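S.K.: Could you have a look at this structure, given as structure tokens, before my questions?
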Amino acid sequence: IQVFNNFCMQIIIGSDLTDKDLLYSTDEARIVTAKGVEALAYPEDEKDLSQLLQDANSSGIPITIIGGKTGINGSCVARHGGIVARMDKMTTVSRLAVETETVFSESTRRNYDLAFLEKQGVFPAGMIMSDLDTILAAKNLWLPPDGTARDSMFGGNIATNVSGARSFAFGPMRDYIQALRVVLPDGDRVTMRRGEIEALGRRIEFETDSGQKHK
């Protein structure tokens with residue numbers, strides 16, 4: 001695939017995919033299976049993901065984002081082939097944070113670059129939920145939504161608006177998100193903060209980092 005020529009991130013193409021790599025081909029339900037996947041990419045930061053999406057979009061190549069692969073609705077399965085982008089290495093926060101710190105998880109052997117702003121935190125999409133629980137507990141903090149699968153990733157929990165049994169008392173994940181740093185399908189980026197951008201029915205208006213206005 002020509003789109004990959006200038007990438008520095010880890011990318012596995014076609015025949016180089018192993019049985020271990022093919023674990024991405026379905027989700028926890030094992031009902032829907034990926035077909036025609038040409039490459040597996042591991043972006044490490046916002047810039048990597050932006051470039052990957054931009055190039056795939058301009059080349060007309062389908063791309064599917066995968067987190068912890070613990071869902072059961074098929075949303076992380078590359079049913080249209082193309083590129084699979086795994087979030088395993090997306091463990092650093094973007095410019096939403098003013099000052100970051102690096103935290104090491106003993107249980108998963110992963111480093112996370114994150115930030116705390118009083119009683120709020122800024123966390124990367126690739127953070128495993130069990131690690132987030134441990135890090136928050138060390139600061140006497142708690143994130144109420146419980147999606148059951150503690151090996152899922154924070155980004156996936158937001159994308160699916162995870163709830164779980166505790167949602168009856170505390171509500172779903174969306175109630176606890178104050179801001180998002182979003183990479184759009186064309187590679188452009190935008191910071192969305194609660195109260196600054198509002199949806200009107202099924203319409204939403206915002207301006208991206210590049211100055212492009214979406215309606």
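Following the order of the structure tokens, first chain is A, next is B, and so on, with residues numbered from 1 inside each chain and ligands from 1 in the order they appear.
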Would you kindly return, as a PyMOL selection string, each protein, DNA or RNA residue with an atom no farther than 6 Å from any atom of region 148-159 of chain A, considering only C-alpha atoms and excluding same-chain residues fewer than 4 positions away?
M.R.: chain A and resi 67-68+70+125-130
S.K.: I'd like the neighbourhood of Phe104 (chain A) as a PyMOL selection string, where a residue qualifies if any of its atoms comes within 10 Å (using only C-alpha atoms), though same-chain residues fewer than 5 positions away should be ignored.
M.R.: chain A and resi 109-113+131+135
S.K.: Please dump the current selection as a compact mmCIF listing (two decimals), in the first residue's frame; keep N, CA and C atoms.
M.R.:
```txt
# COMPACT_ATOMS: atom_id res chain seq x y z
N ARG A 109 2.84 -3.32 32.94
CA ARG A 109 4.19 -2.94 32.48
C ARG A 109 4.13 -1.87 31.40
N ARG A 110 3.27 -0.89 31.60
CA ARG A 110 3.09 0.18 30.61
C ARG A 110 3.35 1.53 31.26
N ASN A 111 3.96 2.44 30.51
CA ASN A 111 4.14 3.83 30.92
C ASN A 111 3.02 4.67 30.34
N TYR A 112 2.48 5.57 31.16
CA TYR A 112 1.45 6.50 30.70
C TYR A 112 1.89 7.93 30.95
N ASP A 113 1.68 8.78 29.97
CA ASP A 113 1.91 10.21 30.11
C ASP A 113 0.54 10.85 30.29
N ASP A 131 -5.61 -0.03 34.89
CA ASP A 131 -4.52 0.88 35.26
C ASP A 131 -5.08 2.22 35.71
N ILE A 135 -4.42 4.11 39.31
CA ILE A 135 -3.82 5.45 39.36
C ILE A 135 -4.76 6.42 40.07
```
S.K.: Set the distance at 9 Å and use only C-alpha atoms: which residues neighbour region 210-215 of chain A once local chain neighbours fewer than 2 positions away are removed? I'd like the list as JSON, numbers by chain.
M.R.: {"A": [188, 189, 190, 203, 204, 205, 206, 207, 208]}
S.K.: Please produce an output containing N, CA, C and O atoms for each residue in the selection, written as a PDB file, in the first residue's frame.
M.R.:
```pdb
ATOM      1  N   ASP A 188      -7.530  16.111  10.383  1.00  0.00           N
ATOM      2  CA  ASP A 188      -7.597  17.385  11.089  1.00  0.00           C
ATOM      3  C   ASP A 188      -7.914  17.118  12.559  1.00  0.00           C
ATOM      4  O   ASP A 188      -8.372  16.026  12.926  1.00  0.00           O
ATOM      5  N   ARG A 189      -7.688  18.101  13.420  1.00  0.00           N
ATOM      6  CA  ARG A 189      -7.848  17.893  14.849  1.00  0.00           C
ATOM      7  C   ARG A 189      -8.667  19.015  15.470  1.00  0.00           C
ATOM      8  O   ARG A 189      -8.681  20.141  14.975  1.00  0.00           O
ATOM      9  N   VAL A 190      -9.319  18.690  16.582  1.00  0.00           N
ATOM     10  CA  VAL A 190     -10.124  19.683  17.269  1.00  0.00           C
ATOM     11  C   VAL A 190     -10.207  19.327  18.750  1.00  0.00           C
ATOM     12  O   VAL A 190     -10.227  18.155  19.118  1.00  0.00           O
ATOM     13  N   ARG A 203     -27.284  18.074  14.398  1.00  0.00           N
ATOM     14  CA  ARG A 203     -26.279  18.934  13.775  1.00  0.00           C
ATOM     15  C   ARG A 203     -25.318  19.480  14.828  1.00  0.00           C
ATOM     16  O   ARG A 203     -25.714  19.772  15.958  1.00  0.00           O
ATOM     17  N   ILE A 204     -24.061  19.623  14.438  1.00  0.00           N
ATOM     18  CA  ILE A 204     -23.050  20.188  15.331  1.00  0.00           C
ATOM     19  C   ILE A 204     -22.122  21.072  14.514  1.00  0.00           C
ATOM     20  O   ILE A 204     -21.800  20.758  13.364  1.00  0.00           O
ATOM     21  N   GLU A 205     -21.762  22.210  15.055  1.00  0.00           N
ATOM     22  CA  GLU A 205     -20.875  23.136  14.361  1.00  0.00           C
ATOM     23  C   GLU A 205     -19.610  23.349  15.194  1.00  0.00           C
ATOM     24  O   GLU A 205     -19.688  23.570  16.402  1.00  0.00           O
ATOM     25  N   PHE A 206     -18.453  23.287  14.551  1.00  0.00           N
ATOM     26  CA  PHE A 206     -17.194  23.528  15.249  1.00  0.00           C
ATOM     27  C   PHE A 206     -16.115  23.891  14.242  1.00  0.00           C
ATOM     28  O   PHE A 206     -16.257  23.676  13.044  1.00  0.00           O
ATOM     29  N   GLU A 207     -15.030  24.464  14.755  1.00  0.00           N
ATOM     30  CA  GLU A 207     -13.889  24.852  13.927  1.00  0.00           C
ATOM     31  C   GLU A 207     -12.663  24.057  14.372  1.00  0.00           C
ATOM     32  O   GLU A 207     -12.389  23.959  15.559  1.00  0.00           O
ATOM     33  N   THR A 208     -11.930  23.489  13.429  1.00  0.00           N
ATOM     34  CA  THR A 208     -10.784  22.651  13.732  1.00  0.00           C
ATOM     35  C   THR A 208      -9.508  23.486  13.928  1.00  0.00           C
ATOM     36  O   THR A 208      -9.504  24.699  13.745  1.00  0.00           O
TER      37      THR A 208
END
```
S.K.: Which residues come within 12 Å of Ser167 (chain A), counting only C-alpha atoms, excluding same-chain residues fewer than 5 positions away, as a list in words?
M.R.: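 Non-adjacent residues within range: Leu143, Pro144, Pro145, Asp146, Gly147, Thr148, Asn161, Val162, Pro172, Met173, Arg174, Asp175 and Tyr176 of chain A.
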S.K.: Take the residues from that selection and write them out as a compact mmCIF listing (two decimals), in the first residue's frame, keeping all heavy atoms.
M.R.:
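Generated file (selection_30.txt):
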```
# COMPACT_ATOMS: atom_id res chain seq x y z
N LEU A 143 -13.54 6.99 39.14
CA LEU A 143 -14.37 7.21 37.97
C LEU A 143 -15.54 6.23 38.05
O LEU A 143 -15.36 5.02 37.87
CB LEU A 143 -13.56 6.97 36.69
CG LEU A 143 -14.28 7.21 35.37
CD1 LEU A 143 -14.71 8.68 35.24
CD2 LEU A 143 -13.40 6.81 34.19
N PRO A 144 -16.75 6.71 38.32
CA PRO A 144 -17.89 5.83 38.62
C PRO A 144 -18.28 4.82 37.54
O PRO A 144 -18.58 3.67 37.87
CB PRO A 144 -19.03 6.81 38.91
CG PRO A 144 -18.34 8.04 39.40
CD PRO A 144 -17.08 8.12 38.58
N PRO A 145 -18.36 5.19 36.24
CA PRO A 145 -18.83 4.20 35.25
C PRO A 145 -18.00 2.92 35.27
O PRO A 145 -16.77 2.97 35.30
CB PRO A 145 -18.68 4.94 33.92
CG PRO A 145 -18.78 6.38 34.28
CD PRO A 145 -18.09 6.50 35.60
N ASP A 146 -18.70 1.79 35.25
CA ASP A 146 -18.02 0.49 35.33
C ASP A 146 -18.45 -0.35 34.13
O ASP A 146 -19.54 -0.91 34.12
CB ASP A 146 -18.39 -0.20 36.64
CG ASP A 146 -17.80 -1.60 36.74
OD1 ASP A 146 -16.86 -1.90 35.98
OD2 ASP A 146 -18.28 -2.39 37.57
N GLY A 147 -17.56 -0.43 33.13
CA GLY A 147 -17.89 -1.17 31.92
C GLY A 147 -17.63 -2.65 32.01
O GLY A 147 -17.62 -3.34 30.98
N THR A 148 -17.34 -3.16 33.20
CA THR A 148 -17.11 -4.59 33.46
C THR A 148 -15.74 -5.06 32.96
O THR A 148 -14.97 -5.65 33.70
CB THR A 148 -18.21 -5.48 32.85
OG1 THR A 148 -19.48 -5.02 33.31
CG2 THR A 148 -18.02 -6.93 33.28
N ASN A 161 -19.61 5.11 25.09
CA ASN A 161 -20.38 5.65 26.22
C ASN A 161 -20.70 4.55 27.23
O ASN A 161 -21.85 4.32 27.60
CB ASN A 161 -21.68 6.31 25.73
CG ASN A 161 -22.38 7.10 26.82
OD1 ASN A 161 -21.73 7.64 27.72
ND2 ASN A 161 -23.69 7.18 26.75
N VAL A 162 -19.65 3.88 27.68
CA VAL A 162 -19.81 2.72 28.54
C VAL A 162 -20.59 3.08 29.81
O VAL A 162 -20.52 4.20 30.31
CB VAL A 162 -18.42 2.14 28.89
CG1 VAL A 162 -17.69 3.03 29.88
CG2 VAL A 162 -18.54 0.73 29.42
N PRO A 172 -23.79 7.17 32.76
CA PRO A 172 -22.80 6.60 31.84
C PRO A 172 -21.53 7.45 31.76
O PRO A 172 -21.44 8.52 32.37
CB PRO A 172 -23.54 6.60 30.50
CG PRO A 172 -24.41 7.82 30.60
CD PRO A 172 -24.86 7.89 32.04
N MET A 173 -20.59 7.00 30.97
CA MET A 173 -19.29 7.66 30.85
C MET A 173 -19.39 9.12 30.40
O MET A 173 -18.65 9.98 30.88
CB MET A 173 -18.40 6.87 29.89
CG MET A 173 -17.01 7.45 29.68
SD MET A 173 -15.99 7.42 31.18
CE MET A 173 -15.50 5.68 31.21
N ARG A 174 -20.28 9.41 29.47
CA ARG A 174 -20.35 10.76 28.91
C ARG A 174 -20.56 11.83 29.98
O ARG A 174 -20.13 12.99 29.80
CB ARG A 174 -21.45 10.85 27.85
CG ARG A 174 -22.85 10.66 28.40
CD ARG A 174 -23.90 10.75 27.29
NE ARG A 174 -23.86 12.05 26.64
CZ ARG A 174 -24.51 12.33 25.51
NH1 ARG A 174 -25.21 11.39 24.91
NH2 ARG A 174 -24.46 13.53 25.00
N ASP A 175 -21.21 11.48 31.07
CA ASP A 175 -21.47 12.46 32.13
C ASP A 175 -20.20 12.92 32.83
O ASP A 175 -20.20 13.94 33.52
CB ASP A 175 -22.41 11.85 33.18
CG ASP A 175 -23.81 11.58 32.65
OD1 ASP A 175 -24.13 12.08 31.54
OD2 ASP A 175 -24.59 10.89 33.33
N TYR A 176 -19.10 12.18 32.65
CA TYR A 176 -17.86 12.48 33.36
C TYR A 176 -16.76 13.01 32.44
O TYR A 176 -15.64 13.22 32.89
CB TYR A 176 -17.38 11.22 34.09
CG TYR A 176 -18.38 10.77 35.12
CD1 TYR A 176 -19.41 9.90 34.77
CD2 TYR A 176 -18.35 11.25 36.42
CE1 TYR A 176 -20.37 9.51 35.68
CE2 TYR A 176 -19.30 10.86 37.34
CZ TYR A 176 -20.32 10.00 36.97
OH TYR A 176 -21.28 9.63 37.89
```
S.K.: At a cut-off of 10 Å, using only C-alpha atoms, what residues contact Leu52 (chain A)? Leave out same-chain residues fewer than 4 positions from it and give the result as number ranges by chain.
M.R.: A: 3-4, 7, 9, 41-43, 46-48, 56-57, 63, 83, 85, 185-187
S.K.: Mind checking DSSP for chain A and telling me the alpha helix (DSSP H) residues as a PyMOL selection string?
M.R.: chain A and resi 46-59+129-138+154-159+167-170
S.K.: Just to be explicit: take each residue in the selection above, keep N, CA and C atoms, and write the result as an mmCIF file, in the first residue's frame.
M.R.:
```
data_model
loop_
_atom_site.group_PDB
_atom_site.id
_atom_site.type_symbol
_atom_site.label_atom_id
_atom_site.label_comp_id
_atom_site.auth_asym_id
_atom_site.auth_seq_id
_atom_site.Cartn_x
_atom_site.Cartn_y
_atom_site.Cartn_z
ATOM 1 N N GLU A 46 -0.747 11.573 18.812
ATOM 2 C CA GLU A 46 -1.746 12.265 18.015
ATOM 3 C C GLU A 46 -1.252 12.556 16.594
ATOM 4 N N LYS A 47 -0.003 12.922 16.460
ATOM 5 C CA LYS A 47 0.557 13.231 15.148
ATOM 6 C C LYS A 47 0.551 11.999 14.246
ATOM 7 N N ASP A 48 0.953 10.846 14.793
ATOM 8 C CA ASP A 48 0.925 9.588 14.028
ATOM 9 C C ASP A 48 -0.481 9.292 13.528
ATOM 10 N N LEU A 49 -1.446 9.362 14.446
ATOM 11 C CA LEU A 49 -2.821 9.023 14.094
ATOM 12 C C LEU A 49 -3.373 9.991 13.059
ATOM 13 N N SER A 50 -3.064 11.273 13.220
ATOM 14 C CA SER A 50 -3.526 12.280 12.270
ATOM 15 C C SER A 50 -2.996 12.005 10.869
ATOM 16 N N GLN A 51 -1.706 11.695 10.769
ATOM 17 C CA GLN A 51 -1.106 11.436 9.462
ATOM 18 C C GLN A 51 -1.672 10.165 8.835
ATOM 19 N N LEU A 52 -1.874 9.147 9.666
ATOM 20 C CA LEU A 52 -2.426 7.888 9.182
ATOM 21 C C LEU A 52 -3.832 8.090 8.604
ATOM 22 N N LEU A 53 -4.674 8.808 9.346
ATOM 23 C CA LEU A 53 -6.033 9.055 8.890
ATOM 24 C C LEU A 53 -6.057 9.934 7.645
ATOM 25 N N GLN A 54 -5.204 10.936 7.631
ATOM 26 C CA GLN A 54 -5.149 11.834 6.475
ATOM 27 C C GLN A 54 -4.785 11.076 5.197
ATOM 28 N N ASP A 55 -3.754 10.254 5.277
ATOM 29 C CA ASP A 55 -3.301 9.524 4.098
ATOM 30 C C ASP A 55 -4.294 8.447 3.669
ATOM 31 N N ALA A 56 -4.856 7.757 4.639
ATOM 32 C CA ALA A 56 -5.843 6.726 4.305
ATOM 33 C C ALA A 56 -7.076 7.357 3.675
ATOM 34 N N ASN A 57 -7.504 8.484 4.220
ATOM 35 C CA ASN A 57 -8.687 9.175 3.706
ATOM 36 C C ASN A 57 -8.467 9.661 2.279
ATOM 37 N N SER A 58 -7.310 10.266 2.023
ATOM 38 C CA SER A 58 -7.035 10.791 0.679
ATOM 39 C C SER A 58 -6.835 9.675 -0.335
ATOM 40 N N SER A 59 -6.468 8.463 0.142
ATOM 41 C CA SER A 59 -6.252 7.328 -0.752
ATOM 42 C C SER A 59 -7.492 6.446 -0.878
ATOM 43 N N MET A 129 -8.216 0.312 31.471
ATOM 44 C CA MET A 129 -9.087 0.774 32.551
ATOM 45 C C MET A 129 -8.641 0.295 33.927
ATOM 46 N N SER A 130 -8.090 -0.906 34.030
ATOM 47 C CA SER A 130 -7.613 -1.371 35.333
ATOM 48 C C SER A 130 -6.455 -0.497 35.818
ATOM 49 N N ASP A 131 -5.613 -0.035 34.892
ATOM 50 C CA ASP A 131 -4.520 0.879 35.263
ATOM 51 C C ASP A 131 -5.079 2.222 35.705
ATOM 52 N N LEU A 132 -6.109 2.699 35.010
ATOM 53 C CA LEU A 132 -6.723 3.966 35.386
ATOM 54 C C LEU A 132 -7.320 3.873 36.790
ATOM 55 N N ASP A 133 -7.972 2.765 37.091
ATOM 56 C CA ASP A 133 -8.542 2.573 38.434
ATOM 57 C C ASP A 133 -7.458 2.689 39.506
ATOM 58 N N THR A 134 -6.324 2.033 39.255
ATOM 59 C CA THR A 134 -5.228 2.023 40.230
ATOM 60 C C THR A 134 -4.630 3.407 40.414
ATOM 61 N N ILE A 135 -4.423 4.109 39.311
ATOM 62 C CA ILE A 135 -3.825 5.446 39.361
ATOM 63 C C ILE A 135 -4.756 6.425 40.072
ATOM 64 N N LEU A 136 -6.042 6.347 39.789
ATOM 65 C CA LEU A 136 -7.002 7.225 40.453
ATOM 66 C C LEU A 136 -7.090 6.929 41.946
ATOM 67 N N ALA A 137 -7.076 5.652 42.298
ATOM 68 C CA ALA A 137 -7.177 5.269 43.712
ATOM 69 C C ALA A 137 -6.006 5.818 44.521
ATOM 70 N N ALA A 138 -4.832 5.883 43.893
ATOM 71 C CA ALA A 138 -3.647 6.404 44.579
ATOM 72 C C ALA A 138 -3.797 7.887 44.912
ATOM 73 N N PHE A 154 -9.491 3.255 27.715
ATOM 74 C CA PHE A 154 -10.231 4.472 28.053
ATOM 75 C C PHE A 154 -10.909 5.072 26.824
ATOM 76 N N GLY A 155 -10.198 5.139 25.706
ATOM 77 C CA GLY A 155 -10.776 5.712 24.493
ATOM 78 C C GLY A 155 -11.999 4.951 24.026
ATOM 79 N N GLY A 156 -11.943 3.640 24.101
ATOM 80 C CA GLY A 156 -13.082 2.821 23.710
ATOM 81 C C GLY A 156 -14.258 2.985 24.648
ATOM 82 N N ASN A 157 -13.980 3.177 25.935
ATOM 83 C CA ASN A 157 -15.042 3.409 26.913
ATOM 84 C C ASN A 157 -15.781 4.711 26.622
ATOM 85 N N ILE A 158 -15.039 5.713 26.159
ATOM 86 C CA ILE A 158 -15.674 6.982 25.790
ATOM 87 C C ILE A 158 -16.454 6.821 24.496
ATOM 88 N N ALA A 159 -15.839 6.184 23.499
ATOM 89 C CA ALA A 159 -16.472 6.032 22.187
ATOM 90 C C ALA A 159 -17.800 5.281 22.270
ATOM 91 N N SER A 167 -24.264 2.430 36.412
ATOM 92 C CA SER A 167 -24.899 3.544 35.697
ATOM 93 C C SER A 167 -26.265 3.881 36.287
ATOM 94 N N PHE A 168 -26.911 2.915 36.949
ATOM 95 C CA PHE A 168 -28.214 3.189 37.569
ATOM 96 C C PHE A 168 -28.077 4.259 38.651
ATOM 97 N N ALA A 169 -26.935 4.284 39.294
ATOM 98 C CA ALA A 169 -26.718 5.263 40.362
ATOM 99 C C ALA A 169 -25.925 6.480 39.901
ATOM 100 N N PHE A 170 -24.972 6.257 38.968
ATOM 101 C CA PHE A 170 -24.032 7.332 38.635
ATOM 102 C C PHE A 170 -24.071 7.801 37.182
#
```
S.K.: Step one, run DSSP on the backbone; step two, keep only residues of region 56-200 of chain A assigned to strand (DSSP E); then write them as an MDAnalysis selection string.
M.R.: chainID A and resid 63:66 82:86 101:105 110:117 120:122 179:183 189:193 199:200
S.K.: For the residues in the current selection, export N, CA, C and O atoms as a tab-separated table (two decimals), in the first residue's frame.
M.R.:
```tsv
chain	number	residue	atom	x	y	z
A	63	ILE	N	-10.39	2.50	7.17
A	63	ILE	CA	-9.57	2.36	8.38
A	63	ILE	C	-10.48	2.14	9.58
A	63	ILE	O	-11.53	2.77	9.71
A	64	THR	N	-10.10	1.20	10.43
A	64	THR	CA	-10.87	0.87	11.63
A	64	THR	C	-9.99	1.05	12.85
A	64	THR	O	-8.86	0.56	12.89
A	65	ILE	N	-10.50	1.78	13.85
A	65	ILE	CA	-9.77	2.02	15.09
A	65	ILE	C	-10.15	0.94	16.10
A	65	ILE	O	-11.33	0.64	16.31
A	66	ILE	N	-9.13	0.35	16.74
A	66	ILE	CA	-9.37	-0.71	17.72
A	66	ILE	C	-8.73	-0.36	19.06
A	66	ILE	O	-7.57	0.05	19.12
A	82	GLY	N	-9.01	-2.98	4.56
A	82	GLY	CA	-8.17	-1.78	4.63
A	82	GLY	C	-7.16	-1.83	5.76
A	82	GLY	O	-6.44	-2.82	5.93
A	83	ILE	N	-7.14	-0.79	6.58
A	83	ILE	CA	-6.15	-0.64	7.66
A	83	ILE	C	-6.83	-0.81	9.02
A	83	ILE	O	-7.93	-0.32	9.24
A	84	VAL	N	-6.16	-1.51	9.91
A	84	VAL	CA	-6.58	-1.57	11.30
A	84	VAL	C	-5.56	-0.77	12.12
A	84	VAL	O	-4.36	-1.02	12.05
A	85	ALA	N	-6.03	0.23	12.86
A	85	ALA	CA	-5.15	1.04	13.71
A	85	ALA	C	-5.43	0.70	15.16
A	85	ALA	O	-6.52	0.98	15.68
A	86	ARG	N	-4.46	0.10	15.82
A	86	ARG	CA	-4.61	-0.28	17.22
A	86	ARG	C	-4.10	0.83	18.12
A	86	ARG	O	-3.10	1.48	17.83
A	101	GLU	N	2.68	14.17	33.70
A	101	GLU	CA	3.56	13.33	34.49
A	101	GLU	C	3.54	11.92	33.91
A	101	GLU	O	2.57	11.53	33.26
A	102	THR	N	4.61	11.17	34.12
A	102	THR	CA	4.69	9.81	33.62
A	102	THR	C	4.47	8.83	34.77
A	102	THR	O	5.10	8.93	35.82
A	103	VAL	N	3.55	7.91	34.57
A	103	VAL	CA	3.20	6.92	35.60
A	103	VAL	C	3.41	5.53	35.01
A	103	VAL	O	2.99	5.25	33.89
A	104	PHE	N	4.06	4.65	35.77
A	104	PHE	CA	4.32	3.29	35.33
A	104	PHE	C	3.36	2.32	36.02
A	104	PHE	O	3.18	2.39	37.23
A	105	SER	N	2.74	1.44	35.25
A	105	SER	CA	1.85	0.43	35.80
A	105	SER	C	2.61	-0.88	35.99
A	105	SER	O	3.12	-1.45	35.02
A	110	ARG	N	3.27	-0.89	31.60
A	110	ARG	CA	3.09	0.18	30.61
A	110	ARG	C	3.35	1.53	31.26
A	110	ARG	O	3.00	1.76	32.42
A	111	ASN	N	3.96	2.44	30.51
A	111	ASN	CA	4.14	3.83	30.92
A	111	ASN	C	3.02	4.67	30.34
A	111	ASN	O	2.65	4.53	29.17
A	112	TYR	N	2.48	5.57	31.16
A	112	TYR	CA	1.45	6.50	30.70
A	112	TYR	C	1.89	7.93	30.95
A	112	TYR	O	2.39	8.26	32.03
A	113	ASP	N	1.68	8.78	29.97
A	113	ASP	CA	1.91	10.21	30.11
A	113	ASP	C	0.54	10.85	30.29
A	113	ASP	O	-0.30	10.80	29.38
A	114	LEU	N	0.27	11.43	31.48
A	114	LEU	CA	-1.06	11.94	31.78
A	114	LEU	C	-0.96	13.20	32.61
A	114	LEU	O	0.14	13.69	32.89
A	115	ALA	N	-2.09	13.75	33.00
A	115	ALA	CA	-2.07	14.98	33.78
A	115	ALA	C	-3.25	15.01	34.74
A	115	ALA	O	-4.30	14.42	34.48
A	116	PHE	N	-3.05	15.69	35.87
A	116	PHE	CA	-4.13	15.92	36.82
A	116	PHE	C	-4.29	17.41	37.04
A	116	PHE	O	-3.32	18.14	37.23
A	117	LEU	N	-5.53	17.86	36.96
A	117	LEU	CA	-5.87	19.26	37.18
A	117	LEU	C	-6.88	19.30	38.32
A	117	LEU	O	-8.07	19.09	38.10
A	120	GLN	N	-9.63	16.66	38.46
A	120	GLN	CA	-9.87	16.17	37.13
A	120	GLN	C	-8.58	15.62	36.53
A	120	GLN	O	-7.48	16.04	36.91
A	121	GLY	N	-8.70	14.67	35.61
A	121	GLY	CA	-7.53	14.09	34.98
A	121	GLY	C	-7.61	14.14	33.48
A	121	GLY	O	-8.70	14.23	32.91
A	122	VAL	N	-6.46	14.11	32.83
A	122	VAL	CA	-6.37	14.05	31.38
A	122	VAL	C	-5.64	12.75	31.05
A	122	VAL	O	-4.48	12.57	31.43
A	179	ALA	N	-13.83	17.25	28.38
A	179	ALA	CA	-13.22	17.70	27.12
A	179	ALA	C	-12.66	16.50	26.37
A	179	ALA	O	-12.29	15.49	26.98
A	180	LEU	N	-12.61	16.62	25.06
A	180	LEU	CA	-12.03	15.59	24.21
A	180	LEU	C	-11.07	16.23	23.20
A	180	LEU	O	-11.35	17.31	22.68
A	181	ARG	N	-9.97	15.55	22.96
A	181	ARG	CA	-9.09	15.91	21.86
A	181	ARG	C	-9.37	14.92	20.75
A	181	ARG	O	-9.16	13.71	20.93
A	182	VAL	N	-9.89	15.40	19.62
A	182	VAL	CA	-10.41	14.52	18.58
A	182	VAL	C	-9.60	14.64	17.29
A	182	VAL	O	-9.30	15.76	16.84
A	183	VAL	N	-9.24	13.50	16.71
A	183	VAL	CA	-8.64	13.47	15.38
A	183	VAL	C	-9.74	13.02	14.41
A	183	VAL	O	-10.30	11.94	14.56
A	189	ARG	N	-7.69	18.10	13.42
A	189	ARG	CA	-7.85	17.89	14.85
A	189	ARG	C	-8.67	19.02	15.47
A	189	ARG	O	-8.68	20.14	14.98
A	190	VAL	N	-9.32	18.69	16.58
A	190	VAL	CA	-10.12	19.68	17.27
A	190	VAL	C	-10.21	19.33	18.75
A	190	VAL	O	-10.23	18.15	19.12
A	191	THR	N	-10.22	20.35	19.59
A	191	THR	CA	-10.46	20.18	21.02
A	191	THR	C	-11.91	20.55	21.30
A	191	THR	O	-12.35	21.65	20.97
A	192	MET	N	-12.65	19.62	21.86
A	192	MET	CA	-14.05	19.86	22.18
A	192	MET	C	-14.23	19.88	23.69
A	192	MET	O	-13.99	18.88	24.36
A	193	ARG	N	-14.66	21.03	24.21
A	193	ARG	CA	-14.88	21.17	25.65
A	193	ARG	C	-16.37	21.28	25.94
A	193	ARG	O	-17.11	21.93	25.20
A	199	ALA	N	-24.59	20.37	20.26
A	199	ALA	CA	-25.32	19.81	19.13
A	199	ALA	C	-26.74	20.34	19.14
A	199	ALA	O	-27.37	20.45	20.19
A	200	LEU	N	-27.23	20.70	17.96
A	200	LEU	CA	-28.61	21.13	17.80
A	200	LEU	C	-29.32	20.04	17.01
A	200	LEU	O	-29.17	19.93	15.79
```
S.K.: What is the distance, in Å and to one decimal place, between CA of Val93 (chain A) and CA of Pro124 (chain A)?
M.R.: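 Separating CA of Val93 (chain A) from CA of Pro124 (chain A) is a distance of 4.8 Å.
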S.K.: Record the distance separating CA of Leu40 (chain A) and CA of Ile13 (chain A), expressed in Å with one decimal.
M.R.: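 Computing the Euclidean distance for CA of Leu40 (chain A) and CA of Ile13 (chain A) yields 6.5 Å.
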S.K.: Any idea what the distance is between CA of Asn140 (chain A) and CA of Ala165 (chain A)?
M.R.: 21.8 Å
S.K.: I'd like the contact shell of Val77 (chain A) - 7 Å cut-off, only C-alpha atoms, skipping same-chain residues fewer than 4 positions apart - returned as a PyMOL selection string.
M.R.: chain A and resi 25-27+32-34
